[in-house]
>>> print(open('upload11.pdb').read())   # PDB, C-alpha atoms
ATOM      1  CA  MET A 230       0.000   0.000   0.000  1.00  0.00           C
ATOM      2  CA  CYS A 231       1.393   3.383  -1.011  1.00  0.00           C
ATOM      3  CA  VAL A 232       1.148   6.586   0.977  1.00  0.00           C
ATOM      4  CA  LYS A 233      -0.616   9.096  -1.217  1.00  0.00           C
ATOM      5  CA  ALA A 234       1.889  11.626  -2.531  1.00  0.00           C
ATOM      6  CA  TYR A 235      -0.431  14.558  -1.988  1.00  0.00           C
ATOM      7  CA  PHE A 236      -0.247  14.001   1.781  1.00  0.00           C
ATOM      8  CA  LEU A 237       3.406  15.051   1.586  1.00  0.00           C
ATOM      9  CA  ILE A 238       2.597  18.470   0.107  1.00  0.00           C
ATOM     10  CA  PRO A 239       1.583  20.211   3.379  1.00  0.00           C
ATOM     11  CA  LEU A 240       4.586  18.705   5.183  1.00  0.00           C
ATOM     12  CA  LEU A 241       7.023  19.884   2.532  1.00  0.00           C
ATOM     13  CA  ILE A 242       5.466  23.353   2.327  1.00  0.00           C
ATOM     14  CA  GLY A 243       5.563  23.624   6.123  1.00  0.00           C
ATOM     15  CA  THR A 244       9.245  22.660   6.235  1.00  0.00           C
ATOM     16  CA  ASP A 245      10.073  25.188   3.520  1.00  0.00           C
ATOM     17  CA  MET A 246       8.122  27.996   5.189  1.00  0.00           C
ATOM     18  CA  TRP A 247       9.586  27.212   8.624  1.00  0.00           C
ATOM     19  CA  SER A 248      13.129  27.338   7.216  1.00  0.00           C
ATOM     20  CA  LYS A 249      12.455  30.675   5.510  1.00  0.00           C
ATOM     21  CA  GLN A 250      10.913  32.203   8.636  1.00  0.00           C
ATOM     22  CA  ALA A 251      13.885  31.037  10.718  1.00  0.00           C
ATOM     23  CA  VAL A 252      16.305  32.534   8.209  1.00  0.00           C
ATOM     24  CA  VAL A 253      14.491  35.876   8.025  1.00  0.00           C
ATOM     25  CA  ALA A 254      14.409  36.096  11.835  1.00  0.00           C
ATOM     26  CA  TYR A 255      18.081  35.106  12.217  1.00  0.00           C
ATOM     27  CA  PHE A 256      19.369  37.488   9.568  1.00  0.00           C
ATOM     28  CA  LYS A 257      17.748  40.506  11.200  1.00  0.00           C
ATOM     29  CA  THR A 258      20.838  40.556  13.426  1.00  0.00           C
ATOM     30  CA  HIS A 259      23.433  38.521  11.467  1.00  0.00           C
ATOM     31  CA  PRO A 260      24.732  39.128   7.919  1.00  0.00           C
ATOM     32  CA  PHE A 261      25.587  35.468   7.179  1.00  0.00           C
ATOM     33  CA  PHE A 262      27.159  32.371   8.648  1.00  0.00           C
ATOM     34  CA  ASP A 263      29.428  29.729   7.194  1.00  0.00           C
ATOM     35  CA  VAL A 264      28.220  26.160   7.602  1.00  0.00           C
ATOM     36  CA  THR A 265      31.175  24.587   5.803  1.00  0.00           C
ATOM     37  CA  PRO A 266      33.996  26.017   3.667  1.00  0.00           C
ATOM     38  CA  PHE A 267      31.717  25.651   0.626  1.00  0.00           C
ATOM     39  CA  LEU A 268      28.277  26.353   2.149  1.00  0.00           C
ATOM     40  CA  THR A 269      27.143  29.704   3.531  1.00  0.00           C
ATOM     41  CA  MET A 270      23.740  30.761   4.803  1.00  0.00           C
ATOM     42  CA  THR A 271      22.883  34.276   3.706  1.00  0.00           C
ATOM     43  CA  LEU A 272      19.604  36.096   3.115  1.00  0.00           C
ATOM     44  CA  THR A 273      18.737  37.240  -0.405  1.00  0.00           C
ATOM     45  CA  TRP A 274      15.433  38.330  -1.924  1.00  0.00           C
ATOM     46  CA  ASN A 275      14.681  37.020  -5.405  1.00  0.00           C
ATOM     47  CA  LYS A 276      12.015  38.975  -7.285  1.00  0.00           C
ATOM     48  CA  GLY A 277      12.619  36.895 -10.395  1.00  0.00           C
ATOM     49  CA  MET A 278      12.432  33.174 -10.947  1.00  0.00           C
ATOM     50  CA  SER A 279      14.856  30.251 -10.932  1.00  0.00           C
ATOM     51  CA  PHE A 280      18.534  31.150 -11.139  1.00  0.00           C
ATOM     52  CA  GLY A 281      17.697  34.833 -10.699  1.00  0.00           C
ATOM     53  CA  LEU A 282      16.124  35.204 -14.140  1.00  0.00           C
ATOM     54  CA  PHE A 283      14.077  38.420 -14.365  1.00  0.00           C
ATOM     55  CA  ASN A 284      15.309  39.443 -10.903  1.00  0.00           C
ATOM     56  CA  ASN A 285      16.048  42.992 -12.023  1.00  0.00           C
ATOM     57  CA  THR A 286      12.799  43.606 -13.871  1.00  0.00           C
ATOM     58  CA  SER A 287      10.144  46.033 -12.793  1.00  0.00           C
ATOM     59  CA  THR A 288       7.337  45.136 -10.412  1.00  0.00           C
ATOM     60  CA  TRP A 289       5.315  43.453 -13.165  1.00  0.00           C
ATOM     61  CA  PHE A 290       7.102  40.086 -12.942  1.00  0.00           C
ATOM     62  CA  PRO A 291       6.269  39.186  -9.312  1.00  0.00           C
ATOM     63  CA  THR A 292       2.672  40.226 -10.001  1.00  0.00           C
ATOM     64  CA  LEU A 293       2.549  38.074 -13.142  1.00  0.00           C
ATOM     65  CA  MET A 294       3.861  35.095 -11.154  1.00  0.00           C
ATOM     66  CA  LEU A 295       0.992  35.475  -8.670  1.00  0.00           C
ATOM     67  CA  TYR A 296      -1.380  34.686 -11.557  1.00  0.00           C
ATOM     68  CA  VAL A 297       0.664  32.127 -13.487  1.00  0.00           C
ATOM     69  CA  VAL A 298       1.880  29.875 -10.643  1.00  0.00           C
ATOM     70  CA  PRO A 299      -1.601  28.822  -9.433  1.00  0.00           C
ATOM     71  CA  MET A 300      -2.503  27.736 -12.976  1.00  0.00           C
ATOM     72  CA  ILE A 301       0.703  25.708 -13.287  1.00  0.00           C
ATOM     73  CA  VAL A 302       0.209  24.145  -9.847  1.00  0.00           C
ATOM     74  CA  GLY A 303      -3.374  23.245 -10.768  1.00  0.00           C
ATOM     75  CA  GLY A 304      -2.210  21.490 -13.928  1.00  0.00           C
ATOM     76  CA  LEU A 305       0.519  19.628 -12.075  1.00  0.00           C
ATOM     77  CA  PHE A 306      -1.939  18.537  -9.378  1.00  0.00           C
ATOM     78  CA  ILE A 307      -4.345  17.154 -12.008  1.00  0.00           C
ATOM     79  CA  TRP A 308      -1.428  15.266 -13.586  1.00  0.00           C
ATOM     80  CA  MET A 309      -0.410  13.922 -10.151  1.00  0.00           C
ATOM     81  CA  VAL A 310      -3.923  12.664  -9.378  1.00  0.00           C
ATOM     82  CA  ARG A 311      -4.378  11.053 -12.800  1.00  0.00           C
ATOM     83  CA  THR A 312      -1.031   9.306 -13.205  1.00  0.00           C
ATOM     84  CA  SER A 313      -0.527   5.772 -11.979  1.00  0.00           C
ATOM     85  CA  GLU A 314       3.272   6.073 -11.917  1.00  0.00           C
ATOM     86  CA  THR A 315       4.515   6.222  -8.337  1.00  0.00           C
ATOM     87  CA  ALA A 316       7.748   8.071  -9.129  1.00  0.00           C
ATOM     88  CA  ILE A 317       5.859  10.728 -11.083  1.00  0.00           C
ATOM     89  CA  LYS A 318       3.319  11.184  -8.258  1.00  0.00           C
ATOM     90  CA  TYR A 319       6.075  11.884  -5.730  1.00  0.00           C
ATOM     91  CA  ALA A 320       8.065  14.018  -8.155  1.00  0.00           C
ATOM     92  CA  LEU A 321       5.004  16.157  -8.846  1.00  0.00           C
ATOM     93  CA  ALA A 322       4.329  16.447  -5.106  1.00  0.00           C
ATOM     94  CA  LEU A 323       7.856  17.854  -4.726  1.00  0.00           C
ATOM     95  CA  ILE A 324       7.394  20.310  -7.606  1.00  0.00           C
ATOM     96  CA  ILE A 325       3.969  21.433  -6.377  1.00  0.00           C
ATOM     97  CA  SER A 326       5.279  21.906  -2.829  1.00  0.00           C
ATOM     98  CA  GLY A 327       8.191  24.007  -4.029  1.00  0.00           C
ATOM     99  CA  ALA A 328       6.009  26.111  -6.302  1.00  0.00           C
ATOM    100  CA  ILE A 329       3.502  26.782  -3.515  1.00  0.00           C
ATOM    101  CA  GLY A 330       6.269  27.593  -1.012  1.00  0.00           C
ATOM    102  CA  ASN A 331       7.796  30.178  -3.333  1.00  0.00           C
ATOM    103  CA  PHE A 332       4.317  31.458  -4.255  1.00  0.00           C
ATOM    104  CA  ILE A 333       3.597  32.137  -0.576  1.00  0.00           C
ATOM    105  CA  ASP A 334       6.813  34.174  -0.367  1.00  0.00           C
ATOM    106  CA  ARG A 335       5.818  36.229  -3.405  1.00  0.00           C
ATOM    107  CA  TRP A 336       2.404  36.803  -1.874  1.00  0.00           C
ATOM    108  CA  LEU A 337       3.790  37.831   1.526  1.00  0.00           C
ATOM    109  CA  TYR A 338       6.968  39.693   0.574  1.00  0.00           C
ATOM    110  CA  GLY A 339       6.838  40.397  -3.171  1.00  0.00           C
ATOM    111  CA  ALA A 340       9.988  38.264  -3.505  1.00  0.00           C
ATOM    112  CA  VAL A 341      11.241  34.777  -2.680  1.00  0.00           C
ATOM    113  CA  VAL A 342      13.447  34.199   0.374  1.00  0.00           C
ATOM    114  CA  ASP A 343      16.681  32.497  -0.722  1.00  0.00           C
ATOM    115  CA  PHE A 344      19.426  31.603   1.724  1.00  0.00           C
ATOM    116  CA  ILE A 345      21.540  28.585   0.691  1.00  0.00           C
ATOM    117  CA  ASP A 346      24.760  29.738  -0.958  1.00  0.00           C
ATOM    118  CA  VAL A 347      26.941  26.944  -2.336  1.00  0.00           C
ATOM    119  CA  HIS A 348      30.379  28.084  -3.489  1.00  0.00           C
ATOM    120  CA  TRP A 349      33.898  27.023  -4.266  1.00  0.00           C
ATOM    121  CA  TYR A 350      36.231  29.841  -3.268  1.00  0.00           C
ATOM    122  CA  ASP A 351      34.908  32.865  -5.200  1.00  0.00           C
ATOM    123  CA  TYR A 352      32.718  30.831  -7.579  1.00  0.00           C
ATOM    124  CA  HIS A 353      29.127  30.903  -6.342  1.00  0.00           C
ATOM    125  CA  TRP A 354      26.120  28.919  -7.503  1.00  0.00           C
ATOM    126  CA  TYR A 355      22.804  30.762  -7.386  1.00  0.00           C
ATOM    127  CA  THR A 356      21.447  31.259  -3.883  1.00  0.00           C
ATOM    128  CA  PHE A 357      18.400  29.017  -3.356  1.00  0.00           C
ATOM    129  CA  ASN A 358      15.995  27.612  -0.744  1.00  0.00           C
ATOM    130  CA  LEU A 359      14.308  24.306   0.128  1.00  0.00           C
ATOM    131  CA  ALA A 360      11.430  24.977  -2.277  1.00  0.00           C
ATOM    132  CA  ASP A 361      13.915  25.364  -5.130  1.00  0.00           C
ATOM    133  CA  SER A 362      15.476  22.056  -4.091  1.00  0.00           C
ATOM    134  CA  TYR A 363      12.072  20.357  -4.123  1.00  0.00           C
ATOM    135  CA  ILE A 364      11.404  21.653  -7.641  1.00  0.00           C
ATOM    136  CA  THR A 365      14.840  20.613  -8.908  1.00  0.00           C
ATOM    137  CA  ILE A 366      14.661  17.121  -7.389  1.00  0.00           C
ATOM    138  CA  GLY A 367      11.090  16.608  -8.638  1.00  0.00           C
ATOM    139  CA  ALA A 368      11.930  17.754 -12.166  1.00  0.00           C
ATOM    140  CA  THR A 369      15.008  15.511 -12.196  1.00  0.00           C
ATOM    141  CA  ILE A 370      12.887  12.509 -11.185  1.00  0.00           C
ATOM    142  CA  VAL A 371      10.370  13.259 -13.955  1.00  0.00           C
ATOM    143  CA  ILE A 372      13.156  13.525 -16.533  1.00  0.00           C
ATOM    144  CA  ILE A 373      14.890  10.354 -15.373  1.00  0.00           C
ATOM    145  CA  ASN A 374      11.618   8.424 -15.171  1.00  0.00           C
ATOM    146  CA  ASP A 375      10.255   9.555 -18.526  1.00  0.00           C
ATOM    147  CA  PHE A 376      13.378   9.789 -20.639  1.00  0.00           C
ATOM    148  CA  VAL A 377      15.879   7.408 -19.088  1.00  0.00           C
ATOM    149  CA  LEU A 378      13.975   4.606 -17.352  1.00  0.00           C
ATOM    150  CA  GLN A 379      10.840   4.725 -19.518  1.00  0.00           C
ATOM    151  CA  ARG A 380       9.039   2.263 -17.308  1.00  0.00           C
ATOM    152  CA  LYS A 381       5.592   2.216 -15.765  1.00  0.00           C
ATOM    153  CA  VAL A 382       5.297   1.351 -12.068  1.00  0.00           C
ATOM    154  CA  GLY A 383       1.887   2.073 -10.618  1.00  0.00           C
ATOM    155  CA  CYS A 384       0.537   2.999  -7.196  1.00  0.00           C
ATOM    156  CA  LYS A 385      -3.209   3.402  -6.870  1.00  0.00           C
TER     157      LYS A 385
END
>>> encode(input="upload11.pdb", output="structure tokens")
Amino acid sequence: MCVKAYFLIPLLIGTDMWSKQAVVAYFKTHPFFDVTPFLTMTLTWNKGMSFGLFNNTSTWFPTLMLYVVPMIVGGLFIWMVRTSETAIKYALALIISGAIGNFIDRWLYGAVVDFIDVHWYDYHWYTFNLADSYITIGATIVIINDFVLQRKVGCK
């Protein structure tokens, strides 16, 4: 018997939102802190989308995302409910959770709270959050399942 993937969505959103609230509260008095030599926690506000795209645009982009994201999440949720592939169900739950977590930030702050900074000396990856990780992991699972494994394993 499989645990329904959509039961994970509130848990994942809650974890993402808790982490962002903790970061915002902590960074009111601290500029950053190093976790390891290649991982730093620092607060950034992303008004754009993944990898900072459209971050420097006018105020129209965050507003547009408030309309577009719910439609995308709705489509992904329908796909999740209709598919019989277990891996796809869980991958879509990850993507939906991440999209909703970042949507809540846009709604509350007009920007997404990012705080995980992975770097190697002066070479930095884009700063991200748990929701971004959920989306990336979910999308990777969909790609691997559909284009690499190409198998059907069901969970009803």
>>> resolve_selection(input="upload11.pdb", expression="the PyMOL selection byres ((chain A and resi 298) around 12)", output="number ranges by chain")
A: 278, 290-297, 299-305, 324-333, 335-336
>>> residues_around(input="upload11.pdb", residues="A:Thr369", least_positions_apart="4", cutoff="12 Å", atoms="all atoms listed in the file", output="PyMOL selection string")
chain A and resi 316-317+319-321+323-324+362-365+373-377
>>> atom_distance(input="upload11.pdb", atom1="atom CA of A:Phe344", atom2="atom CA of A:Ala368")
21.0 Å
>>> closest_residue(input="upload11.pdb", among="A:Asp263, A:Asp351, A:Asp343, A:Asp361", to="A:Gln250", atoms="all atoms listed in the file")
A:Asp343
>>> closest_residue(input="upload11.pdb", among="A:Thr315, A:Val253, A:Ala340, A:Met309", to="A:Asn275", atoms="only C-alpha atoms")
A:Ala340
>>> resolve_selection(input="upload11.pdb", expression="the PyMOL selection byres ((chain A and resi 244) around 12)", output="ChimeraX atom specification")
/A:237-243,245-251,326-327,330,358-360,363
>>> residues_near_point(input="upload11.pdb", point="(15.9, 37.6, -1.3)", cutoff="6 Å", atoms="only C-alpha atoms", output="list in words")
Leu272, Thr273, Trp274, Asn275, Val341, Val342 and Asp343 of chain A
>>> atom_distance(input="upload11.pdb", atom1="atom CA of A:His353", atom2="atom CA of A:Ala322")
28.7 Å
>>> closest_residue(input="upload11.pdb", among="A:Val252, A:Glu314, A:Thr258, A:Trp308", to="A:Met270", atoms="all atoms listed in the file")
A:Val252
>>> closest_residue(input="upload11.pdb", among="A:Ile372, A:Tyr355, A:Phe306, A:Tyr235", to="A:Thr269", atoms="only C-alpha atoms")
A:Tyr355
>>> atom_distance(input="upload11.pdb", atom1="atom CA of A:Ile370", atom2="atom CA of A:Phe357")
19.1 Å
>>> closest_residue(input="upload11.pdb", among="A:Val371, A:Leu268, A:Leu337, A:Ile307", to="A:Tyr350", atoms="only C-alpha atoms")
A:Leu268
>>> closest_residue(input="upload11.pdb", among="A:Lys318, A:Phe262, A:Gly339, A:Lys233", to="A:Gly367", atoms="all atoms listed in the file")
A:Lys318
>>> build_atoms(input="upload11.pdb", residues="stretch 306-323 of chain A", atoms="N, CA and C atoms", output="mmCIF file, in the frame of the given file")
data_model
loop_
_atom_site.group_PDB
_atom_site.id
_atom_site.type_symbol
_atom_site.label_atom_id
_atom_site.label_comp_id
_atom_site.auth_asym_id
_atom_site.auth_seq_id
_atom_site.Cartn_x
_atom_site.Cartn_y
_atom_site.Cartn_z
ATOM 1 N N PHE A 306 -1.156 19.331 -10.333
ATOM 2 C CA PHE A 306 -1.939 18.537 -9.378
ATOM 3 C C PHE A 306 -2.869 17.571 -10.129
ATOM 4 N N ILE A 307 -3.497 18.033 -11.192
ATOM 5 C CA ILE A 307 -4.345 17.154 -12.008
ATOM 6 C C ILE A 307 -3.515 16.000 -12.560
ATOM 7 N N TRP A 308 -2.328 16.305 -13.066
ATOM 8 C CA TRP A 308 -1.428 15.266 -13.586
ATOM 9 C C TRP A 308 -1.093 14.274 -12.474
ATOM 10 N N MET A 309 -0.780 14.786 -11.273
ATOM 11 C CA MET A 309 -0.410 13.922 -10.151
ATOM 12 C C MET A 309 -1.555 12.975 -9.783
ATOM 13 N N VAL A 310 -2.769 13.484 -9.752
ATOM 14 C CA VAL A 310 -3.923 12.664 -9.378
ATOM 15 C C VAL A 310 -4.211 11.612 -10.443
ATOM 16 N N ARG A 311 -4.017 11.956 -11.698
ATOM 17 C CA ARG A 311 -4.378 11.053 -12.800
ATOM 18 C C ARG A 311 -3.330 10.000 -13.130
ATOM 19 N N THR A 312 -2.065 10.266 -12.820
ATOM 20 C CA THR A 312 -1.031 9.306 -13.205
ATOM 21 C C THR A 312 -1.036 8.099 -12.264
ATOM 22 N N SER A 313 -0.645 6.972 -12.800
ATOM 23 C CA SER A 313 -0.527 5.772 -11.979
ATOM 24 C C SER A 313 0.936 5.468 -11.653
ATOM 25 N N GLU A 314 1.844 6.297 -12.141
ATOM 26 C CA GLU A 314 3.272 6.073 -11.917
ATOM 27 C C GLU A 314 3.701 6.664 -10.566
ATOM 28 N N THR A 315 4.144 5.816 -9.688
ATOM 29 C CA THR A 315 4.515 6.222 -8.337
ATOM 30 C C THR A 315 5.601 7.295 -8.340
ATOM 31 N N ALA A 316 6.645 7.098 -9.103
ATOM 32 C CA ALA A 316 7.748 8.071 -9.129
ATOM 33 C C ALA A 316 7.258 9.440 -9.582
ATOM 34 N N ILE A 317 6.385 9.462 -10.571
ATOM 35 C CA ILE A 317 5.859 10.728 -11.083
ATOM 36 C C ILE A 317 4.974 11.390 -10.023
ATOM 37 N N LYS A 318 4.163 10.614 -9.316
ATOM 38 C CA LYS A 318 3.319 11.184 -8.258
ATOM 39 C C LYS A 318 4.166 11.910 -7.215
ATOM 40 N N TYR A 319 5.235 11.270 -6.741
ATOM 41 C CA TYR A 319 6.075 11.884 -5.730
ATOM 42 C C TYR A 319 6.886 13.047 -6.289
ATOM 43 N N ALA A 320 7.333 12.918 -7.519
ATOM 44 C CA ALA A 320 8.065 14.018 -8.155
ATOM 45 C C ALA A 320 7.167 15.243 -8.290
ATOM 46 N N LEU A 321 5.936 15.035 -8.704
ATOM 47 C CA LEU A 321 5.004 16.157 -8.846
ATOM 48 C C LEU A 321 4.645 16.754 -7.492
ATOM 49 N N ALA A 322 4.569 15.922 -6.452
ATOM 50 C CA ALA A 322 4.329 16.447 -5.106
ATOM 51 C C ALA A 322 5.480 17.370 -4.688
ATOM 52 N N LEU A 323 6.703 16.997 -5.014
ATOM 53 C CA LEU A 323 7.856 17.854 -4.726
ATOM 54 C C LEU A 323 7.759 19.176 -5.488
#
